[in-house]
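**Q** Once you've had a glance at the structure underneath, I'll fire off some questions.
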Protein chains: 2
Amino acid sequence: MAKRKIAVIGVGKIAQDQHLPVINASDDFELAATVSTRGVGHGGVPVFKTPGALYAAMPEIGLVSICTPPGVRHAYVREALAAGKDVMMEKPPTTTISELDDLIAEAAKRGRVLFQTWHSQYNAAVDRTKSILAEEGVKSARIDWRESVRKWHPGQDWVWEPGGFGVCDPGINAFSIFTKVMPFPVFVESAALTFPANKQTPVDVDIRFKSAEAHKPDLSCGFNWLEESGEIWTIRFETNKGNEIKLEHGGRKLSINGELVLEHGDREYAGIYERFASLLNAHQSDVDAAPLRLMSDVFLMGARANGPEFHW
Amino acid sequence: MAKRKIAVIGVGKIAQDQHLPVINASDDFELAATVSTRGVGHGGVPVFKTPGALYAAMPEIGLVSICTPPGVRHAYVREALAAGKDVMMEKPPTTTISELDDLIAEAAKRGRVLFQTWHSQYNAAVDRTKSILAEEGVKSARIDWRESVRKWHPGQDWVWEPGGFGVCDPGINAFSIFTKVMPFPVFVESAALTFPANKQTPVDVDIRFKSAEAHKPDLSCGFNWLEESGEIWTIRFETNKGNEIKLEHGGRKLSINGELVLEHGDREYAGIYERFASLLNAHQSDVDAAPLRLMSDVFLMGARANGPEFHW
């Protein structure tokens with residue numbers, strides 16, 4: 001089967017680090033154009049300043065992958081759906097829940113495929129963890145998600161602006177694993193958000209979750225964006241049968257009771273594009289709103305405190 | 001038809017001001033018990049300390065109206081649904097979106113009626129406004145919702161605690177009218193939240209909305225909780241045909257181009273209980289998540305600033 005022509009909209013760090021190399025190596029997709037307000041191209045394909053210019057000039061491109069910051073995503077996805085395109089969205093999908101629900105409704109109304117990517121949902125270690133927890137239940141869970149904003153978002157001021165989510169931008173990756181593997185629904189019981197005194201999004205977040213489970217599982221979470229020792233992307237579970245399940249490296253490494261069970265490389269974006277191809281074949285959307293909803297609840301419920309100023 | 005026996009759970013200000021007098025005057029309902037941690041009863045009916053004690057002692061009561069602050073509502077509604085009760089919830093329904101979505105799913109799973117009350121949705125002036133806007137479109141909308149927290153929530157410290165919503169607690173009444181009457185979906189574009197320096201919820205909020213409408217309607221909103229001159233609960237619209245629609249008194253008074261068209265008294269809670277009765281007759285739930293979702297978006301997207309301390 002011929003490769004599907006796709007355009008990448010928004011050619012920033014995540015597109016250059018992940019989307020473009022993965023599309024280049026893909027059996028399913030072929031990069032046909034980019035859209036970049038700064039005129040950034042890739043591999044000699046046509047570059048457009050706006051999505052509208054792309055849609056007018058190359059109507060044969062039926063797919064777009066939208067890699068912009070989340071603030072403009074709602075308008076871009078609406079425009080793409082209206083132009084008859086099937087759409088993949090980077091995470092976090094939108095800056096508000098109302099926008100995400102609107103896009104789900106809009107894609108359904110127009111009969112287009114909408115795929116919300118969540119990092120790490122397509123890892124074998126995550127799937128295995130889900131099966132174990134479904135079988136054994138959860139007595140406790142602890143998320144530790146710590147990384148350096150200077151390493152992962154160098155100079156990207158938008159992460160500190162309202163709607164940029166701050167440390168919840170990487171933290172939502174933890175939520176996308178957590179909400180996928182947990183065998184019962186979880187809710188924010190309380191949260192403590194620390195903001196740099198000169199910024200509008202949090203740099204550190206502590207969360208306690210609750211559930212409707214009678215055995216009152218102990219569920220907590222810590223995000224920090226000033227960790228310079230390396231990435232700590234770990235979720236630990238104790239099951240009701242007493243086994244310790246540890247997911248490390250953002251869902252790529254699984255240990256049970258200290259024994260390594262499964263470890264695989266970073267195929268995250270390759271898996272995401274494979275999933276998009278199979279959704280397109282089935283003409284089916286896949287938008288999981290749970291991670292954004294839970295993160296939104298952290299902001300709604302959270303206690304705020306100011307910490308030291310942040311400077312790059 | 002015999003009146004339906006109902007229990008009121010949480011006998012604070014809103015129950016005493018509205019629910020209990022309206023139930024006493026109702027043709028559909030009969031107060032059969034109250035649940036109050038402080039032992040507050042009404043009209044000689046049995047008083048229980050916990051919902052569980054009520055359900056054990058008086059299983060013949062099939063309905064509960066939950067009038068507690070929102071923090072405990074999710075657990076109380078879950079417990080009521082599990083006990084086989086049909087449930088009415090005060091507003092705001094829950095402290096998080098995930099909890100509200102869970103209750104919708106839980107009520108459906110258990111085949112119970114769940115009714116989320118929203119103030120002012122049952123006014124003739126609101127219905128008329130909705131028809132006019134559907135016919136004429138919206139060029140601009142402005143919400144002004146100003147009242148005194150000292151008058152409406154005297155000494156209620158929970159309104160200032162995380163999850164208490166602050167001025168968004170009355171503000172959500174404006175949203176429940178706004179999302180009902182608007183002929184297209186609206187989204188939070190930006191919001192500025194001012195917090196008393198010693199409190200965890202906002203006392204003043206300014207919002208700009210956006211939409212996907214090509215004519216870019218001008219949509220804005222201001223909430224303030226330190227208005228001592230009286231209540232200002234007004235939404236003004238300019239239609240695409242140039243007419244000025246003004247809804248005052250929280251949706252009870254409608255003027256068009258300065259001419260009074262409709263004004264009615266406060267039948268809000270009488271209307272809410274009539275609606276509950278008709279939902280019970282039809283065995284149908286009614287939970288509109290749009291107002292809470294939009295308010296949650298204000299917290300997620302909003303810029304924060306500290307203002308003067310608040311003291312009662």
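We name chains A, B, ... following the order of the structure tokens; residues begin at 1 in each chain, and ligands are numbered from 1 as shown.
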So which residues touch B:Ile172 within 8 Å, counting only C-alpha atoms, skipping near sequence neighbours fewer than 2 positions away, as a ChimeraX atom specification?
**A** /B:92,168-170,174-176,291-292,295
**Q** Which neighbours of stretch 54-71 of chain A fall inside 6 Å, counting only C-alpha atoms, when residues of the same chain fewer than 2 positions from it are skipped, and could you give them as JSON, numbers by chain?
**A** {"A": [5, 6, 7, 8, 9, 10, 48, 51, 52, 73, 85, 86, 87, 88, 89, 90, 94, 95]}
**Q** Write a file of the selected residues as a PDB file, in the first residue's frame, keeping N, CA and C atoms.
**A**
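Saved result, part_30.pdb, follows:
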```pdb
ATOM      1  N   LYS A   5       0.276  10.431   2.700  1.00  0.00           N
ATOM      2  CA  LYS A   5       0.908  11.760   2.770  1.00  0.00           C
ATOM      3  C   LYS A   5       0.439  12.493   4.017  1.00  0.00           C
ATOM      4  N   ILE A   6       1.382  13.003   4.778  1.00  0.00           N
ATOM      5  CA  ILE A   6       1.040  13.713   6.011  1.00  0.00           C
ATOM      6  C   ILE A   6       1.800  15.035   6.078  1.00  0.00           C
ATOM      7  N   ALA A   7       1.180  16.040   6.663  1.00  0.00           N
ATOM      8  CA  ALA A   7       1.853  17.317   6.912  1.00  0.00           C
ATOM      9  C   ALA A   7       2.042  17.500   8.418  1.00  0.00           C
ATOM     10  N   VAL A   8       3.177  18.050   8.803  1.00  0.00           N
ATOM     11  CA  VAL A   8       3.433  18.363  10.208  1.00  0.00           C
ATOM     12  C   VAL A   8       3.238  19.866  10.408  1.00  0.00           C
ATOM     13  N   ILE A   9       2.370  20.209  11.359  1.00  0.00           N
ATOM     14  CA  ILE A   9       2.058  21.618  11.631  1.00  0.00           C
ATOM     15  C   ILE A   9       2.697  22.006  12.963  1.00  0.00           C
ATOM     16  N   GLY A  10       3.632  22.955  12.911  1.00  0.00           N
ATOM     17  CA  GLY A  10       4.381  23.332  14.116  1.00  0.00           C
ATOM     18  C   GLY A  10       5.687  22.561  14.158  1.00  0.00           C
ATOM     19  N   PHE A  48       4.780  25.895   4.458  1.00  0.00           N
ATOM     20  CA  PHE A  48       3.733  26.916   4.420  1.00  0.00           C
ATOM     21  C   PHE A  48       3.731  27.697   5.729  1.00  0.00           C
ATOM     22  N   PRO A  51      -1.758  26.900   8.129  1.00  0.00           N
ATOM     23  CA  PRO A  51      -2.481  25.705   7.693  1.00  0.00           C
ATOM     24  C   PRO A  51      -3.378  25.994   6.486  1.00  0.00           C
ATOM     25  N   GLY A  52      -4.019  27.172   6.488  1.00  0.00           N
ATOM     26  CA  GLY A  52      -4.898  27.517   5.368  1.00  0.00           C
ATOM     27  C   GLY A  52      -4.170  27.509   4.040  1.00  0.00           C
ATOM     28  N   ARG A  73      -3.952  24.907  19.610  1.00  0.00           N
ATOM     29  CA  ARG A  73      -4.334  23.621  19.033  1.00  0.00           C
ATOM     30  C   ARG A  73      -5.824  23.539  18.713  1.00  0.00           C
ATOM     31  N   LYS A  85      -9.611  17.044   6.996  1.00  0.00           N
ATOM     32  CA  LYS A  85      -8.404  16.268   7.314  1.00  0.00           C
ATOM     33  C   LYS A  85      -8.638  15.353   8.514  1.00  0.00           C
ATOM     34  N   ASP A  86      -7.931  14.220   8.539  1.00  0.00           N
ATOM     35  CA  ASP A  86      -7.800  13.431   9.753  1.00  0.00           C
ATOM     36  C   ASP A  86      -6.621  13.990  10.538  1.00  0.00           C
ATOM     37  N   VAL A  87      -6.725  13.944  11.866  1.00  0.00           N
ATOM     38  CA  VAL A  87      -5.813  14.739  12.684  1.00  0.00           C
ATOM     39  C   VAL A  87      -5.199  13.950  13.834  1.00  0.00           C
ATOM     40  N   MET A  88      -3.882  14.083  13.996  1.00  0.00           N
ATOM     41  CA  MET A  88      -3.196  13.645  15.200  1.00  0.00           C
ATOM     42  C   MET A  88      -2.783  14.887  15.986  1.00  0.00           C
ATOM     43  N   MET A  89      -2.980  14.863  17.318  1.00  0.00           N
ATOM     44  CA  MET A  89      -2.605  15.991  18.176  1.00  0.00           C
ATOM     45  C   MET A  89      -1.490  15.596  19.133  1.00  0.00           C
ATOM     46  N   GLU A  90      -0.488  16.466  19.302  1.00  0.00           N
ATOM     47  CA  GLU A  90       0.490  16.288  20.376  1.00  0.00           C
ATOM     48  C   GLU A  90      -0.211  16.470  21.719  1.00  0.00           C
ATOM     49  N   THR A  94      -5.175  20.300  24.531  1.00  0.00           N
ATOM     50  CA  THR A  94      -5.716  21.657  24.467  1.00  0.00           C
ATOM     51  C   THR A  94      -5.414  22.310  25.808  1.00  0.00           C
ATOM     52  N   THR A  95      -5.709  23.585  25.912  1.00  0.00           N
ATOM     53  CA  THR A  95      -5.496  24.237  27.210  1.00  0.00           C
ATOM     54  C   THR A  95      -6.709  24.147  28.119  1.00  0.00           C
TER      55      THR A  95
END
```
**Q** May I ask for the distance between atom CA of B:Thr201 and atom CA of B:Val167, given in Å to one decimal place?
**A**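 Those two atoms sit 7.6 Å apart.
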**Q** Using only C-alpha atoms and a cut-off of 8 Å, which residues of chain A sit close to chain B? Please list them as number ranges by chain.
**A** A: 75, 78, 95-99, 102, 162-163, 165, 185, 187-188, 190, 200, 212, 290, 293-294, 296-297, 299-304
**Q** For the selection just defined, write its residues with N, CA and C atoms to a file, as a CSV table (one decimal), in the first residue's frame.
**A**
```csv
chain,number,residue,atom,x,y,z
A,75,ALA,N,-8.0,25.8,17.8
A,75,ALA,CA,-8.3,26.5,16.5
A,75,ALA,C,-7.7,25.7,15.3
A,78,ARG,N,-9.8,22.4,14.8
A,78,ARG,CA,-11.1,22.8,14.2
A,78,ARG,C,-10.9,23.1,12.7
A,95,THR,N,-5.7,23.6,25.9
A,95,THR,CA,-5.5,24.2,27.2
A,95,THR,C,-6.7,24.1,28.1
A,96,THR,N,-7.8,23.7,27.6
A,96,THR,CA,-9.0,23.5,28.5
A,96,THR,C,-9.8,22.2,28.1
A,97,ILE,N,-10.5,21.8,29.1
A,97,ILE,CA,-11.4,20.6,28.9
A,97,ILE,C,-12.5,20.9,27.9
A,98,SER,N,-13.1,22.1,28.0
A,98,SER,CA,-14.2,22.4,27.1
A,98,SER,C,-13.8,22.3,25.7
A,99,GLU,N,-12.5,22.8,25.4
A,99,GLU,CA,-12.0,22.7,24.0
A,99,GLU,C,-11.8,21.2,23.6
A,102,ASP,N,-15.1,19.7,22.8
A,102,ASP,CA,-15.6,20.3,21.6
A,102,ASP,C,-15.0,19.6,20.4
A,162,PRO,N,0.2,31.3,31.5
A,162,PRO,CA,-1.1,30.6,31.8
A,162,PRO,C,-1.5,29.7,30.6
A,163,GLY,N,-1.9,28.5,30.9
A,163,GLY,CA,-2.2,27.5,29.9
A,163,GLY,C,-1.0,26.7,29.5
A,165,PHE,N,0.8,25.0,31.7
A,165,PHE,CA,0.8,23.9,32.6
A,165,PHE,C,2.0,23.7,33.5
A,185,PRO,N,-11.4,4.1,39.2
A,185,PRO,CA,-11.2,5.5,39.0
A,185,PRO,C,-10.6,6.2,40.2
A,187,PHE,N,-9.5,10.1,42.0
A,187,PHE,CA,-9.9,11.5,42.0
A,187,PHE,C,-8.9,12.3,42.8
A,188,VAL,N,-8.8,13.6,42.5
A,188,VAL,CA,-7.8,14.4,43.3
A,188,VAL,C,-8.5,14.7,44.7
A,190,SER,N,-6.5,16.2,47.3
A,190,SER,CA,-5.8,17.5,47.6
A,190,SER,C,-4.6,17.6,46.8
A,200,GLN,N,3.6,31.9,36.1
A,200,GLN,CA,2.2,31.6,36.2
A,200,GLN,C,1.8,30.1,36.2
A,212,ALA,N,-13.1,5.5,45.3
A,212,ALA,CA,-14.3,5.0,46.0
A,212,ALA,C,-14.1,3.6,46.5
A,290,ALA,N,-9.2,11.4,30.0
A,290,ALA,CA,-9.0,11.3,31.4
A,290,ALA,C,-7.7,12.0,31.9
A,293,ARG,N,-8.3,15.8,32.2
A,293,ARG,CA,-9.4,16.0,33.2
A,293,ARG,C,-8.8,15.9,34.6
A,294,LEU,N,-7.9,14.9,34.8
A,294,LEU,CA,-7.3,14.8,36.1
A,294,LEU,C,-6.4,15.9,36.4
A,296,SER,N,-6.6,19.0,35.1
A,296,SER,CA,-7.4,20.1,35.3
A,296,SER,C,-7.9,20.1,36.8
A,297,ASP,N,-8.3,19.0,37.3
A,297,ASP,CA,-8.7,18.9,38.7
A,297,ASP,C,-7.7,19.3,39.7
A,299,PHE,N,-5.5,21.7,39.2
A,299,PHE,CA,-5.5,23.1,39.2
A,299,PHE,C,-6.7,23.7,39.9
A,300,LEU,N,-7.9,23.0,39.7
A,300,LEU,CA,-9.1,23.5,40.3
A,300,LEU,C,-9.1,23.3,41.9
A,301,MET,N,-8.5,22.2,42.3
A,301,MET,CA,-8.5,21.8,43.7
A,301,MET,C,-7.3,22.3,44.5
A,302,GLY,N,-6.2,22.6,43.8
A,302,GLY,CA,-5.0,22.8,44.4
A,302,GLY,C,-4.8,24.0,45.3
A,303,ALA,N,-4.0,23.9,46.4
A,303,ALA,CA,-3.6,25.0,47.2
A,303,ALA,C,-2.3,25.6,46.5
A,304,ARG,N,-2.3,26.9,46.5
A,304,ARG,CA,-1.2,27.6,45.8
A,304,ARG,C,-0.2,28.2,46.8
```
**Q** Hey, what's within 9 Å of A:Glu135 if we count only C-alpha atoms and toss same-chain stuff fewer than 4 positions away? As a list in words, please?
**A** Lys130, Ser131 and Pro183 of chain A
**Q** Would you pick out the contacts of B:Arg252 at 9 Å or less, using only C-alpha atoms, so that residues sharing its chain but fewer than 6 positions from it are not included, and give the list as an mmCIF file with N, CA and C atoms, in the first residue's frame?
**A**
```cif
data_model
loop_
_atom_site.group_PDB
_atom_site.id
_atom_site.type_symbol
_atom_site.label_atom_id
_atom_site.label_comp_id
_atom_site.auth_asym_id
_atom_site.auth_seq_id
_atom_site.Cartn_x
_atom_site.Cartn_y
_atom_site.Cartn_z
ATOM 1 N N SER B 120 -31.351 29.043 38.292
ATOM 2 C CA SER B 120 -31.720 29.995 37.244
ATOM 3 C C SER B 120 -31.885 29.371 35.868
ATOM 4 N N ASN B 123 -35.934 29.502 34.548
ATOM 5 C CA ASN B 123 -36.684 30.751 34.493
ATOM 6 C C ASN B 123 -37.212 31.019 33.086
ATOM 7 N N ALA B 124 -38.409 31.546 33.015
ATOM 8 C CA ALA B 124 -38.998 31.875 31.715
ATOM 9 C C ALA B 124 -38.151 32.909 30.973
ATOM 10 N N ALA B 125 -37.574 33.849 31.724
ATOM 11 C CA ALA B 125 -36.749 34.880 31.072
ATOM 12 C C ALA B 125 -35.505 34.264 30.434
ATOM 13 N N VAL B 126 -34.988 33.212 31.061
ATOM 14 C CA VAL B 126 -33.818 32.517 30.500
ATOM 15 C C VAL B 126 -34.223 31.780 29.224
ATOM 16 N N LEU B 262 -40.183 40.850 30.559
ATOM 17 C CA LEU B 262 -40.605 39.739 31.408
ATOM 18 C C LEU B 262 -39.930 39.912 32.751
ATOM 19 N N GLU B 263 -40.701 39.782 33.816
ATOM 20 C CA GLU B 263 -40.081 39.797 35.140
ATOM 21 C C GLU B 263 -40.889 38.871 36.013
ATOM 22 N N HIS B 264 -40.212 38.010 36.726
ATOM 23 C CA HIS B 264 -40.942 37.120 37.618
ATOM 24 C C HIS B 264 -40.189 36.991 38.925
ATOM 25 N N GLY B 265 -40.870 36.513 39.936
ATOM 26 C CA GLY B 265 -40.297 36.371 41.274
ATOM 27 C C GLY B 265 -39.315 35.219 41.304
ATOM 28 N N ASP B 266 -38.801 34.970 42.484
ATOM 29 C CA ASP B 266 -37.801 33.927 42.643
ATOM 30 C C ASP B 266 -38.488 32.592 42.861
#
```
**Q** As a list in words, please: the residues near B:Pro202 (cut-off 7 Å, only C-alpha atoms, same-chain neighbours under 3 positions excluded).
**A**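 Counting only C-alpha atoms, the residues come to Gly166, Val167, Leu193, Thr194, Phe195, Pro196 and Val205 of chain B.
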**Q** List every residue of stretch 8-129 of chain A that DSSP, applied to the backbone of this structure, places in helix (DSSP H, G or I), and write the result as an MDAnalysis selection string.
**A** chainID A and resid 13:25 51:57 70:82 97:110 124:129
**Q** Looking only at strand (DSSP E) from DSSP on the backbone, list the matching residues of stretch 106-165 of chain A as a list in words.
**A**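 Going through stretch 106-165 of chain A, the strand (DSSP E) residues come out as Leu114, Phe115, Gln116, Ser140, Ala141, Arg142, Ile143, Asp144, Trp145 and Arg146 of chain A.
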**Q** Write out as a short mmCIF file (atom, residue, chain, number, x, y, z; two decimals) with N, CA, C and O atoms, in the first residue's frame which residues come within 12 Å of B:Val40 when counting only C-alpha atoms, dropping same-chain ones fewer than 5 positions away.
**A**
```cif
data_model
loop_
_atom_site.label_atom_id
_atom_site.label_comp_id
_atom_site.auth_asym_id
_atom_site.auth_seq_id
_atom_site.Cartn_x
_atom_site.Cartn_y
_atom_site.Cartn_z
N VAL B 8 -33.29 15.32 53.40
CA VAL B 8 -32.31 16.35 53.08
C VAL B 8 -31.02 16.07 53.84
O VAL B 8 -31.05 15.90 55.08
N ILE B 9 -29.93 15.98 53.11
CA ILE B 9 -28.62 15.68 53.72
C ILE B 9 -27.78 16.94 53.71
O ILE B 9 -27.46 17.47 52.64
N GLY B 10 -27.42 17.42 54.90
CA GLY B 10 -26.67 18.67 55.00
C GLY B 10 -27.64 19.81 55.25
O GLY B 10 -28.29 20.29 54.30
N VAL B 11 -27.78 20.24 56.51
CA VAL B 11 -28.82 21.23 56.84
C VAL B 11 -28.15 22.57 57.17
O VAL B 11 -28.24 23.07 58.29
N GLY B 12 -27.47 23.14 56.20
CA GLY B 12 -26.83 24.44 56.37
C GLY B 12 -27.72 25.55 55.82
O GLY B 12 -28.94 25.39 55.67
N LYS B 13 -27.10 26.66 55.47
CA LYS B 13 -27.83 27.86 55.06
C LYS B 13 -28.74 27.61 53.85
O LYS B 13 -29.92 27.98 53.85
N ALA B 15 -30.02 24.84 52.65
CA ALA B 15 -31.13 23.94 52.96
C ALA B 15 -32.21 24.70 53.74
O ALA B 15 -33.41 24.58 53.45
N GLN B 16 -31.78 25.48 54.73
CA GLN B 16 -32.75 26.19 55.56
C GLN B 16 -33.43 27.34 54.81
O GLN B 16 -34.63 27.58 54.97
N ALA B 33 -36.94 13.01 56.69
CA ALA B 33 -35.79 12.92 57.61
C ALA B 33 -34.76 13.96 57.20
O ALA B 33 -34.78 14.47 56.07
N THR B 34 -33.85 14.28 58.12
CA THR B 34 -32.67 15.06 57.75
C THR B 34 -31.44 14.30 58.23
O THR B 34 -31.51 13.46 59.13
N VAL B 35 -30.31 14.61 57.58
CA VAL B 35 -29.02 14.11 58.03
C VAL B 35 -28.15 15.33 58.30
O VAL B 35 -27.99 16.18 57.42
N VAL B 45 -39.12 15.88 62.04
CA VAL B 45 -38.78 14.61 61.37
C VAL B 45 -37.51 14.04 62.02
O VAL B 45 -36.74 14.77 62.64
N PRO B 46 -37.29 12.72 61.88
CA PRO B 46 -36.09 12.12 62.46
C PRO B 46 -34.80 12.75 61.89
O PRO B 46 -34.75 13.11 60.71
N VAL B 47 -33.81 12.87 62.75
CA VAL B 47 -32.51 13.44 62.37
C VAL B 47 -31.45 12.36 62.55
O VAL B 47 -31.41 11.70 63.59
N PHE B 48 -30.61 12.21 61.53
CA PHE B 48 -29.53 11.22 61.61
C PHE B 48 -28.18 11.93 61.49
O PHE B 48 -28.09 12.98 60.86
N LYS B 49 -27.17 11.29 62.08
CA LYS B 49 -25.83 11.89 62.04
C LYS B 49 -25.12 11.58 60.72
O LYS B 49 -24.25 12.32 60.29
N THR B 50 -25.46 10.45 60.11
CA THR B 50 -24.79 10.04 58.87
C THR B 50 -25.82 9.51 57.88
O THR B 50 -26.88 9.00 58.29
#
```
**Q** Excluding B:Gln284 and residues on its chain fewer than 4 positions from it, collect all residues at most 7 Å away from it, counting only C-alpha atoms, and give them as a PyMOL selection string.
**A** chain B and resi 113+279-280
